[in-house]
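Peer 1: Below you'll find query-v3.cif; it's mmCIF, C-alpha atoms.
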data_coords
loop_
_atom_site.label_atom_id
_atom_site.label_comp_id
_atom_site.auth_asym_id
_atom_site.auth_seq_id
_atom_site.Cartn_x
_atom_site.Cartn_y
_atom_site.Cartn_z
CA MET A 1 0.00 0.00 0.00
CA GLU A 2 1.34 3.42 -0.90
CA ALA A 3 1.77 5.87 1.96
CA ALA A 4 -0.87 8.20 0.51
CA ASP A 5 -3.45 5.39 0.61
CA ALA A 6 -3.44 5.72 4.40
CA LEU A 7 -4.93 9.20 4.13
CA ASP A 8 -8.50 8.13 4.75
CA VAL A 9 -9.74 10.94 6.99
CA SER A 10 -13.30 9.58 7.10
CA HIS A 11 -12.76 7.20 10.00
CA PRO A 12 -14.47 8.43 13.18
CA GLN A 13 -11.66 7.23 15.43
CA ILE A 14 -9.36 10.11 14.43
CA TYR A 15 -11.99 12.58 15.66
CA ARG A 16 -12.59 10.69 18.89
CA ASP A 17 -8.80 10.67 19.44
CA ASP A 18 -8.52 14.32 18.33
CA SER A 19 -5.64 13.26 16.07
CA TRP A 20 -6.90 14.72 12.78
CA ARG A 21 -4.70 17.84 12.48
CA PRO A 22 -1.49 16.31 11.02
CA LEU A 23 -3.45 14.21 8.53
CA PHE A 24 -5.22 17.24 7.10
CA ALA A 25 -2.02 19.29 7.16
CA GLN A 26 -0.42 16.58 4.99
CA LEU A 27 -3.38 16.49 2.63
CA ARG A 28 -3.43 20.28 2.21
CA ALA A 29 0.31 20.35 1.54
CA GLU A 30 0.69 17.27 -0.66
CA HIS A 31 -2.71 16.05 -1.90
CA PRO A 32 -5.26 18.88 -1.63
CA VAL A 33 -7.65 17.10 -4.01
CA TYR A 34 -7.12 13.48 -3.05
CA TYR A 35 -8.83 10.31 -4.23
CA CYS A 36 -9.20 7.85 -1.38
CA PRO A 37 -9.79 4.46 -3.05
CA ARG A 38 -10.78 2.54 0.08
CA SER A 39 -12.82 3.48 3.11
CA ARG A 40 -15.65 1.96 5.10
CA SER A 41 -17.99 4.06 2.88
CA GLY A 42 -16.28 3.30 -0.42
CA PRO A 43 -14.06 5.58 -2.54
CA TYR A 44 -14.33 9.35 -2.32
CA TRP A 45 -12.45 12.57 -3.06
CA SER A 46 -11.12 14.65 -0.16
CA ILE A 47 -11.20 18.42 -0.69
CA THR A 48 -9.08 20.04 2.01
CA ARG A 49 -8.00 23.56 0.96
CA PHE A 50 -10.22 26.55 1.61
CA ALA A 51 -10.38 27.78 -2.00
CA ASP A 52 -11.28 24.35 -3.38
CA ILE A 53 -13.99 23.89 -0.75
CA VAL A 54 -15.53 27.22 -1.78
CA ARG A 55 -15.33 26.15 -5.44
CA VAL A 56 -17.26 22.93 -4.77
CA ASP A 57 -19.75 24.37 -2.30
CA THR A 58 -20.78 27.26 -4.55
CA ASP A 59 -21.29 25.20 -7.72
CA PRO A 60 -24.48 23.14 -7.23
CA LEU A 61 -24.72 22.44 -10.97
CA SER A 62 -21.47 20.45 -10.98
CA PHE A 63 -21.64 19.15 -7.41
CA SER A 64 -25.07 17.92 -6.33
CA SER A 65 -26.50 17.69 -2.80
CA SER A 66 -29.55 15.73 -3.93
CA TYR A 67 -30.69 12.66 -2.06
CA LEU A 68 -31.20 11.16 -5.54
CA HIS A 69 -27.39 11.05 -5.76
CA GLY A 70 -26.82 9.90 -2.18
CA GLY A 71 -27.23 13.13 -0.23
CA VAL A 72 -24.73 15.07 1.87
CA THR A 73 -23.05 12.35 3.97
CA ILE A 74 -20.31 9.98 2.85
CA GLU A 75 -22.67 7.07 3.38
CA ASP A 76 -25.56 7.27 0.92
CA ARG A 77 -28.69 8.33 2.80
CA VAL A 78 -32.11 9.02 1.40
CA ALA A 79 -33.66 11.91 3.31
CA ALA A 80 -35.83 14.18 1.22
CA SER A 81 -35.22 17.42 3.14
CA PHE A 82 -34.36 20.62 1.27
CA MET A 83 -30.77 20.25 2.53
CA GLN A 84 -30.53 17.27 0.20
CA MET A 85 -31.99 19.00 -2.83
CA ASP A 86 -30.49 21.21 -5.51
CA PRO A 87 -31.64 24.60 -6.82
CA PRO A 88 -34.19 25.69 -7.90
CA VAL A 89 -36.26 23.28 -5.74
CA HIS A 90 -33.93 23.75 -2.78
CA THR A 91 -34.15 27.55 -3.08
CA GLU A 92 -37.94 27.58 -3.01
CA LYS A 93 -38.28 25.16 -0.09
CA ARG A 94 -35.60 26.91 1.95
CA LYS A 95 -37.31 30.27 1.47
CA ASN A 96 -40.45 28.97 3.14
CA VAL A 97 -38.75 28.51 6.54
CA THR A 98 -36.38 31.48 6.70
CA ALA A 99 -38.83 33.47 8.84
CA VAL A 100 -37.85 31.49 11.93
CA VAL A 101 -34.35 33.02 11.80
CA ALA A 102 -35.21 36.39 10.23
CA PRO A 103 -33.82 39.46 12.05
CA ARG A 104 -37.18 40.23 13.65
CA SER A 105 -37.47 36.70 15.04
CA LEU A 106 -33.89 36.77 16.33
CA ALA A 107 -34.51 40.10 18.08
CA GLN A 108 -37.50 38.58 19.83
CA MET A 109 -35.43 35.58 20.95
CA GLU A 110 -32.46 37.55 22.30
CA SER A 111 -33.93 38.51 25.67
CA LEU A 112 -35.13 34.94 26.26
CA ILE A 113 -31.69 33.51 25.38
CA ARG A 114 -30.00 36.04 27.66
CA GLU A 115 -32.29 35.31 30.59
CA ARG A 116 -31.71 31.57 30.22
CA ALA A 117 -27.95 31.90 29.88
CA GLY A 118 -27.82 33.96 33.05
CA ARG A 119 -29.98 31.47 34.91
CA VAL A 120 -27.82 28.51 33.83
CA LEU A 121 -24.57 30.27 34.77
CA ASP A 122 -25.96 31.35 38.15
CA ALA A 123 -26.95 27.76 38.93
CA LEU A 124 -23.45 26.35 38.38
CA PRO A 125 -21.69 25.20 41.56
CA ARG A 126 -18.73 27.18 42.88
CA ASN A 127 -15.44 25.53 43.86
CA GLU A 128 -16.83 22.16 42.79
CA GLU A 129 -16.17 20.06 39.69
CA PHE A 130 -18.96 19.77 37.11
CA ASP A 131 -19.37 18.81 33.44
CA TRP A 132 -19.58 21.92 31.25
CA VAL A 133 -21.15 19.93 28.40
CA GLN A 134 -24.03 18.70 30.54
CA ARG A 135 -24.60 21.74 32.75
CA VAL A 136 -24.10 24.50 30.16
CA SER A 137 -23.94 23.39 26.52
CA ILE A 138 -26.71 20.79 26.54
CA GLU A 139 -28.87 22.73 28.97
CA LEU A 140 -28.87 25.93 26.89
CA THR A 141 -29.22 24.33 23.47
CA SER A 142 -32.00 21.99 24.61
CA MET A 143 -34.00 24.98 25.84
CA MET A 144 -33.42 26.73 22.50
CA LEU A 145 -34.52 23.62 20.61
CA ALA A 146 -37.71 23.51 22.64
CA THR A 147 -38.35 27.16 21.75
CA LEU A 148 -37.71 26.60 18.04
CA PHE A 149 -40.13 23.66 18.01
CA ALA A 150 -42.56 25.24 20.53
CA TYR A 151 -42.10 21.96 22.37
CA PRO A 152 -42.65 21.64 26.15
CA VAL A 153 -39.42 22.92 27.70
CA GLU A 154 -39.70 20.45 30.59
CA GLN A 155 -39.39 17.61 28.04
CA ARG A 156 -36.46 19.20 26.17
CA HIS A 157 -34.02 16.40 26.89
CA LYS A 158 -36.09 14.13 24.64
CA LEU A 159 -35.04 16.41 21.76
CA VAL A 160 -31.38 15.98 22.68
CA HIS A 161 -31.78 12.19 22.79
CA TRP A 162 -33.50 12.11 19.41
CA SER A 163 -30.76 14.28 17.90
CA ASP A 164 -28.11 11.93 19.30
CA VAL A 165 -29.89 8.93 17.80
CA LEU A 166 -30.17 10.66 14.44
CA THR A 167 -26.43 11.50 14.24
CA ALA A 168 -25.08 8.37 15.96
CA ASP A 169 -22.33 6.44 14.18
CA LEU A 170 -23.40 2.80 14.12
CA ASP A 171 -19.78 1.63 14.57
CA ASP A 172 -19.48 3.56 17.82
CA PRO A 173 -19.23 1.07 20.72
CA GLU A 174 -21.32 3.49 22.78
CA SER A 175 -23.92 4.24 20.10
CA PRO A 176 -27.50 4.32 21.41
CA VAL A 177 -28.47 2.21 18.35
CA ARG A 178 -26.65 -0.62 16.60
CA THR A 179 -28.36 -0.83 13.18
CA GLU A 180 -30.12 1.50 10.79
CA ALA A 181 -33.37 -0.31 11.57
CA GLU A 182 -32.86 0.42 15.28
CA ARG A 183 -32.17 4.07 14.45
CA GLN A 184 -35.41 4.42 12.53
CA ALA A 185 -37.35 2.60 15.24
CA GLY A 186 -35.81 4.92 17.85
CA LEU A 187 -36.86 7.96 15.84
CA GLN A 188 -40.48 6.90 15.37
CA ASP A 189 -41.49 8.54 18.63
CA PHE A 190 -39.86 11.80 17.46
CA TYR A 191 -41.51 11.70 14.04
CA MET A 192 -44.95 10.87 15.40
CA THR A 193 -44.67 13.51 18.13
CA MET A 194 -43.73 16.16 15.56
CA MET A 195 -46.47 15.03 13.16
CA GLU A 196 -49.05 15.41 15.93
CA LEU A 197 -47.78 18.94 16.61
CA TRP A 198 -47.77 19.66 12.86
CA GLN A 199 -51.39 18.57 12.47
CA GLN A 200 -52.39 20.61 15.53
CA ARG A 201 -50.61 23.75 14.24
CA GLN A 202 -52.45 23.49 10.92
CA LYS A 203 -55.65 24.28 12.82
CA GLU A 204 -54.14 27.25 14.66
CA GLU A 205 -53.08 30.70 13.57
CA GLN A 206 -49.52 30.72 12.22
CA SER A 207 -46.74 31.54 14.67
CA TYR A 208 -42.99 31.60 14.11
CA ASP A 209 -41.89 28.25 15.48
CA ILE A 210 -40.57 25.73 12.96
CA ILE A 211 -43.53 23.34 13.18
CA SER A 212 -46.05 26.13 12.63
CA LEU A 213 -44.14 27.52 9.65
CA LEU A 214 -44.05 24.07 8.07
CA ALA A 215 -47.68 23.40 8.91
CA HIS A 216 -48.83 26.57 7.12
CA ASP A 217 -46.65 26.14 4.04
CA GLU A 218 -48.67 24.82 1.09
CA GLY A 219 -45.68 23.03 -0.41
CA VAL A 220 -44.99 21.18 2.81
CA ARG A 221 -48.65 20.38 3.45
CA SER A 222 -48.73 18.45 0.18
CA ALA A 223 -45.39 16.70 0.80
CA SER A 224 -45.00 13.06 1.63
CA PHE A 225 -44.75 11.79 5.21
CA ASP A 226 -41.07 10.92 4.64
CA GLU A 227 -40.25 14.40 3.33
CA ILE A 228 -41.93 16.09 6.27
CA CYS A 229 -40.11 13.83 8.73
CA ALA A 230 -36.80 14.59 7.00
CA LEU A 231 -37.45 18.30 7.56
CA PHE A 232 -38.10 17.69 11.26
CA GLY A 233 -34.80 15.80 11.50
CA LEU A 234 -32.88 18.51 9.66
CA PHE A 235 -34.00 21.23 12.07
CA LEU A 236 -33.48 18.99 15.08
CA VAL A 237 -29.82 18.37 14.27
CA GLY A 238 -29.21 21.85 12.90
CA GLY A 239 -30.57 23.46 16.04
CA ASN A 240 -28.54 21.22 18.32
CA ASP A 241 -25.05 20.43 17.08
CA THR A 242 -23.54 23.73 15.96
CA THR A 243 -24.36 25.65 19.11
CA ARG A 244 -23.96 22.85 21.64
CA ASN A 245 -20.56 21.79 20.35
CA SER A 246 -19.29 25.35 19.94
CA MET A 247 -20.29 26.24 23.51
CA SER A 248 -18.09 23.39 24.69
CA GLY A 249 -15.35 24.11 22.15
CA GLY A 250 -15.25 27.75 23.22
CA ALA A 251 -14.73 26.87 26.88
CA TRP A 252 -11.90 24.53 25.93
CA GLY A 253 -10.41 27.08 23.52
CA PHE A 254 -10.29 29.79 26.18
CA SER A 255 -8.60 27.29 28.49
CA GLU A 256 -5.97 26.48 25.86
CA PHE A 257 -5.41 30.16 25.09
CA PRO A 258 -6.09 32.05 28.34
CA ASP A 259 -4.73 35.29 26.89
CA GLU A 260 -7.79 35.32 24.61
CA TRP A 261 -10.12 35.21 27.62
CA ARG A 262 -8.20 38.08 29.19
CA LYS A 263 -8.46 39.93 25.88
CA LEU A 264 -12.25 39.46 25.89
CA LYS A 265 -12.53 40.63 29.50
CA ALA A 266 -10.61 43.78 28.57
CA ASN A 267 -12.79 44.38 25.50
CA PRO A 268 -16.28 42.77 25.79
CA GLY A 269 -17.18 44.34 22.45
CA LEU A 270 -15.22 41.50 20.83
CA ALA A 271 -17.84 38.94 21.90
CA GLY A 272 -19.51 38.85 18.47
CA ASN A 273 -16.25 38.26 16.62
CA ALA A 274 -15.23 35.79 19.31
CA ALA A 275 -18.37 33.75 18.60
CA ALA A 276 -17.45 33.48 14.91
CA GLU A 277 -13.85 32.59 15.76
CA ILE A 278 -14.97 29.89 18.21
CA ILE A 279 -17.12 28.33 15.48
CA ARG A 280 -14.14 28.39 13.09
CA TYR A 281 -11.85 26.94 15.74
CA GLN A 282 -14.31 24.22 16.79
CA THR A 283 -15.84 23.44 13.36
CA PRO A 284 -18.85 21.58 14.81
CA VAL A 285 -19.87 20.04 11.45
CA ILE A 286 -16.77 18.30 10.13
CA TYR A 287 -17.72 17.89 6.47
CA GLN A 288 -20.39 17.88 3.79
CA ARG A 289 -20.49 15.58 0.79
CA ARG A 290 -21.50 16.34 -2.79
CA THR A 291 -21.72 14.15 -5.90
CA ALA A 292 -20.17 15.23 -9.20
CA THR A 293 -22.78 15.54 -11.93
CA CYS A 294 -20.18 15.82 -14.70
CA ASP A 295 -16.42 15.43 -15.16
CA VAL A 296 -14.73 18.33 -13.35
CA GLU A 297 -11.10 19.51 -13.26
CA LEU A 298 -10.09 20.57 -9.77
CA GLY A 299 -6.58 20.97 -8.40
CA ASP A 300 -4.95 19.22 -11.37
CA GLN A 301 -7.22 16.22 -10.82
CA THR A 302 -10.18 14.99 -12.85
CA ILE A 303 -13.22 14.20 -10.77
CA ALA A 304 -15.54 11.91 -12.72
CA ALA A 305 -19.29 12.22 -12.93
CA GLY A 306 -20.83 10.17 -10.14
CA ASP A 307 -17.85 10.43 -7.77
CA LYS A 308 -18.35 11.31 -4.12
CA VAL A 309 -16.71 14.62 -3.22
CA VAL A 310 -16.18 15.42 0.46
CA MET A 311 -15.53 19.00 1.54
CA TRP A 312 -13.65 18.83 4.84
CA TYR A 313 -14.75 22.05 6.52
CA ILE A 314 -12.53 21.20 9.47
CA SER A 315 -9.51 21.36 7.15
CA GLY A 316 -10.60 24.52 5.33
CA ASN A 317 -10.73 26.24 8.70
CA ARG A 318 -7.11 25.26 9.33
CA ASP A 319 -5.83 26.46 5.93
CA GLU A 320 -2.84 28.66 6.79
CA SER A 321 -3.10 30.47 3.46
CA VAL A 322 -6.38 31.98 4.74
CA PHE A 323 -6.12 31.84 8.54
CA LYS A 324 -2.73 32.76 10.00
CA ASP A 325 -1.82 30.61 13.01
CA ALA A 326 -4.93 28.60 12.20
CA ASP A 327 -4.57 26.23 15.15
CA ARG A 328 -4.83 29.15 17.57
CA LEU A 329 -8.02 30.65 18.93
CA GLN A 330 -7.76 34.38 18.21
CA ILE A 331 -10.92 36.28 19.14
CA ASP A 332 -9.95 39.43 17.25
CA ARG A 333 -9.07 37.53 14.08
CA PRO A 334 -9.99 39.96 11.28
CA ASN A 335 -11.44 37.29 8.97
CA ALA A 336 -13.04 35.03 11.57
CA ARG A 337 -16.40 35.14 9.80
CA GLN A 338 -14.82 33.84 6.60
CA HIS A 339 -14.79 30.31 8.04
CA THR A 340 -16.25 27.29 6.26
CA ALA A 341 -18.13 25.88 9.27
CA PHE A 342 -21.53 27.09 8.05
CA GLY A 343 -20.89 26.03 4.47
CA MET A 344 -20.90 28.29 1.44
CA GLY A 345 -23.25 29.07 -1.40
CA PRO A 346 -26.92 28.04 -1.53
CA HIS A 347 -26.61 25.53 1.31
CA ARG A 348 -25.08 27.89 3.86
CA CYS A 349 -26.44 27.09 7.33
CA LEU A 350 -29.88 28.64 7.81
CA GLY A 351 -29.34 29.09 11.55
CA ALA A 352 -25.90 30.73 11.37
CA ARG A 353 -26.99 34.01 12.95
CA LEU A 354 -28.92 32.26 15.70
CA ALA A 355 -25.91 30.08 16.57
CA GLU A 356 -23.59 33.10 16.71
CA MET A 357 -26.09 35.03 18.84
CA GLN A 358 -26.36 32.22 21.40
CA LEU A 359 -22.57 31.98 21.70
CA ARG A 360 -22.13 35.73 21.97
CA ILE A 361 -24.72 35.99 24.72
CA LEU A 362 -23.23 33.08 26.69
CA TRP A 363 -19.82 34.75 26.90
CA GLU A 364 -21.31 38.20 27.49
CA GLU A 365 -23.23 36.83 30.48
CA ALA A 366 -20.12 35.04 31.77
CA LEU A 367 -18.24 38.35 31.57
CA ILE A 368 -20.99 40.24 33.39
CA ARG A 369 -20.64 37.76 36.25
CA ASP A 370 -16.83 37.91 36.12
CA LEU A 371 -16.71 34.11 36.25
CA ASP A 372 -13.32 32.54 36.87
CA ILE A 373 -13.79 29.36 34.84
CA GLU A 374 -11.15 26.65 35.22
CA ILE A 375 -11.14 23.76 32.76
CA LEU A 376 -9.67 20.68 34.43
CA GLY A 377 -8.70 18.63 31.39
CA PRO A 378 -9.28 18.19 27.66
CA PRO A 379 -12.72 17.18 26.39
CA THR A 380 -13.66 13.68 25.36
CA TYR A 381 -15.06 13.55 21.84
CA ALA A 382 -17.77 11.58 20.06
CA PHE A 383 -16.95 8.72 17.72
CA SER A 384 -18.15 10.62 14.66
CA ASN A 385 -16.76 11.90 11.38
CA LEU A 386 -19.76 14.21 10.89
CA VAL A 387 -20.07 16.24 14.09
CA ARG A 388 -17.09 17.30 16.22
CA SER A 389 -18.92 16.84 19.46
CA PRO A 390 -17.33 17.12 22.92
CA LEU A 391 -19.07 14.60 25.17
CA SER A 392 -17.67 15.85 28.46
CA LEU A 393 -15.52 18.74 29.69
CA ARG A 394 -14.57 18.86 33.35
CA ALA A 395 -14.77 22.37 34.80
CA ARG A 396 -14.80 24.33 38.02
CA ILE A 397 -15.75 27.92 38.82
CA LYS A 398 -13.52 29.47 41.43
CA GLY A 399 -14.97 31.88 43.93
#
Output the structure of this file as structure tokens.
Peer 2:
Amino acid sequence: MEAADALDVSHPQIYRDDSWRPLFAQLRAEHPVYYCPRSRSGPYWSITRFADIVRVDTDPLSFSSSYLHGGVTIEDRVAASFMQMDPPVHTEKRKNVTAVVAPRSLAQMESLIRERAGRVLDALPRNEEFDWVQRVSIELTSMMLATLFAYPVEQRHKLVHWSDVLTADLDDPESPVRTEAERQAGLQDFYMTMMELWQQRQKEEQSYDIISLLAHDEGVRSASFDEICALFGLFLVGGNDTTRNSMSGGAWGFSEFPDEWRKLKANPGLAGNAAAEIIRYQTPVIYQRRTATCDVELGDQTIAAGDKVVMWYISGNRDESVFKDADRLQIDRPNARQHTAFGMGPHRCLGARLAEMQLRILWEEALIRDLDIEILGPPTYAFSNLVRSPLSLRARIKG
């Protein structure tokens, strides 16, 4: 086997071990457009430089997201949500749900998010070890998920469980499900619960939660059961992973680079830019896949029609030609918002502004309270090549 054949960066173990950096550095330097002939998901192309990722992500004609071609994960998955559709159908369906994250909606959510962040931070123990992931990241994002779905907040941890089932890697020894059939069986309660809410909201005046917006959209009302369920799943994961994982990644990042926390304390106005930089640094969604619809020349390589093409966002965010000292958290980084973590082009993350707002508010509220947060060790990570998800992060607040 040639040395380059070992550069399969799709295996979840390298993300659980947090050992991915040198592999992507080698790919960017030596094989920026690299054909991996063997992996557990079959052959695929790795796209690892920032400019090439932008090229693929902004060209939906040549690189399809459609579930008809296998969708947006390395493993072919049929889920008929608009995330796995191409323009113009994607554009029309996406437009129907943008109201939930429109500026007016976000402004209405801000005071609620701030009140909850303050309440969660005030409830943390002092001078006692706790798990930041459980007590802060999951707690805040689960409440936000409940708000987005207008779901009973006291049952919010069901949403977290369903999201974990949906994104679980079946090869993970600790996966809550062992087969795809088990996954679908485990999600039936979620789908049926959401369908009941959807049918109820059809009879009510439209509000701005996700279920209501879908229930009052004519295109969705005429969609199949599977397509509607795929939409529920898309918003469930989208509302959970980016924010939850970045809240944990930010706490760890400030621990690794304490001068950045001191910089933020000295200039709280940097909190917005810090939120974007934390998302770049964490990269909560590791990749997205496309399928070539025609033969394409990219980086002196010919990608054939039908080939899987994987854009490694986690590598694009470490591209030194774009981000100086890319492995450092730098909250005043001038191009922090240029990151690839939300994707580019027509499929850019719908909830990007909401995710940034939640992160900004968390750190603003921590600053207001002058919290002395001590992180007691590195995070443990999920066995996943899709979401870079800290599972635990030991912490203590001094004082």
Peer 1: Rank A:Thr291, A:Thr73, A:Thr91, A:Asn317 by their smallest atom-to-atom distance to A:Ile53, using all atoms listed in the file, and report the top residue only.
Peer 2: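 Going through A:Thr291, A:Thr73, A:Thr91, A:Asn317 one by one, the smallest distance to A:Ile53 is for A:Asn317.
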Peer 1: Given the PyMOL selection byres ((chain A and resi 275-283) around 6) and the file above, list the residues it selects as a PyMOL selection string.
Peer 2: chain A and resi 246+249-250+272-274+284-285+314+317+331+336-337+339+341+356+359-360
Peer 1: What does the structure give for the distance between atom CA of A:Gln330 and atom CA of A:Arg353, in Å to one decimal?
Peer 2: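 According to the coordinates, atom CA of A:Gln330 and atom CA of A:Arg353 are separated by 19.9 Å.
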Peer 1: Check which residues satisfy the PyMOL selection byres ((chain A and resi 57) around 8) in the file shown, then give them as a PyMOL selection string.
Peer 2: chain A and resi 53-56+58-60+63+311+343-345+347
Peer 1: Grab the atom CA of A:Pro32 to atom CA of A:Thr48 distance for me, in Å with one decimal place.
Peer 2: 5.4 Å
Peer 1: Hey, what comes out of the PyMOL selection byres ((chain A and resi 381) around 7) on this file? Could you write it as a list in words?
Peer 2: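 With the shown file as input, the PyMOL selection byres ((chain A and resi 381) around 7) matches Tyr15, Arg16, Pro379, Thr380, Ala382, Phe383, Ser389, Pro390 and Leu391 of chain A.
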Peer 1: For the selection just defined, write its residues with C-alpha atoms to a file, as a compact mmCIF listing (two decimals), keeping the file's coordinate frame.
Peer 2:
# COMPACT_ATOMS: atom_id res chain seq x y z
CA TYR A 15 -11.99 12.58 15.66
CA ARG A 16 -12.59 10.69 18.89
CA PRO A 379 -12.72 17.18 26.39
CA THR A 380 -13.66 13.68 25.36
CA ALA A 382 -17.77 11.58 20.06
CA PHE A 383 -16.95 8.72 17.72
CA SER A 389 -18.92 16.84 19.46
CA PRO A 390 -17.33 17.12 22.92
CA LEU A 391 -19.07 14.60 25.17
Peer 1: What's the separation between atom CA of A:Tyr34 and atom CA of A:Thr242, in Å to one decimal place?
Peer 2: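 Between atom CA of A:Tyr34 and atom CA of A:Thr242 the gap works out to 27.1 Å.
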Peer 1: Nearest to A:Val309: which of A:Lys324, A:Arg388, A:Arg289, A:Arg94 is it, counting only C-alpha atoms?
Peer 2: A:Arg289
Peer 1: Could you check the closest approach to A:Ala304 for each of A:Ala292, A:Leu170, A:Ala271, A:Ala251 and tell me which residue wins, using only C-alpha atoms?
Peer 2: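 Among A:Ala292, A:Leu170, A:Ala271, A:Ala251, it is A:Ala292 that comes nearest to A:Ala304.
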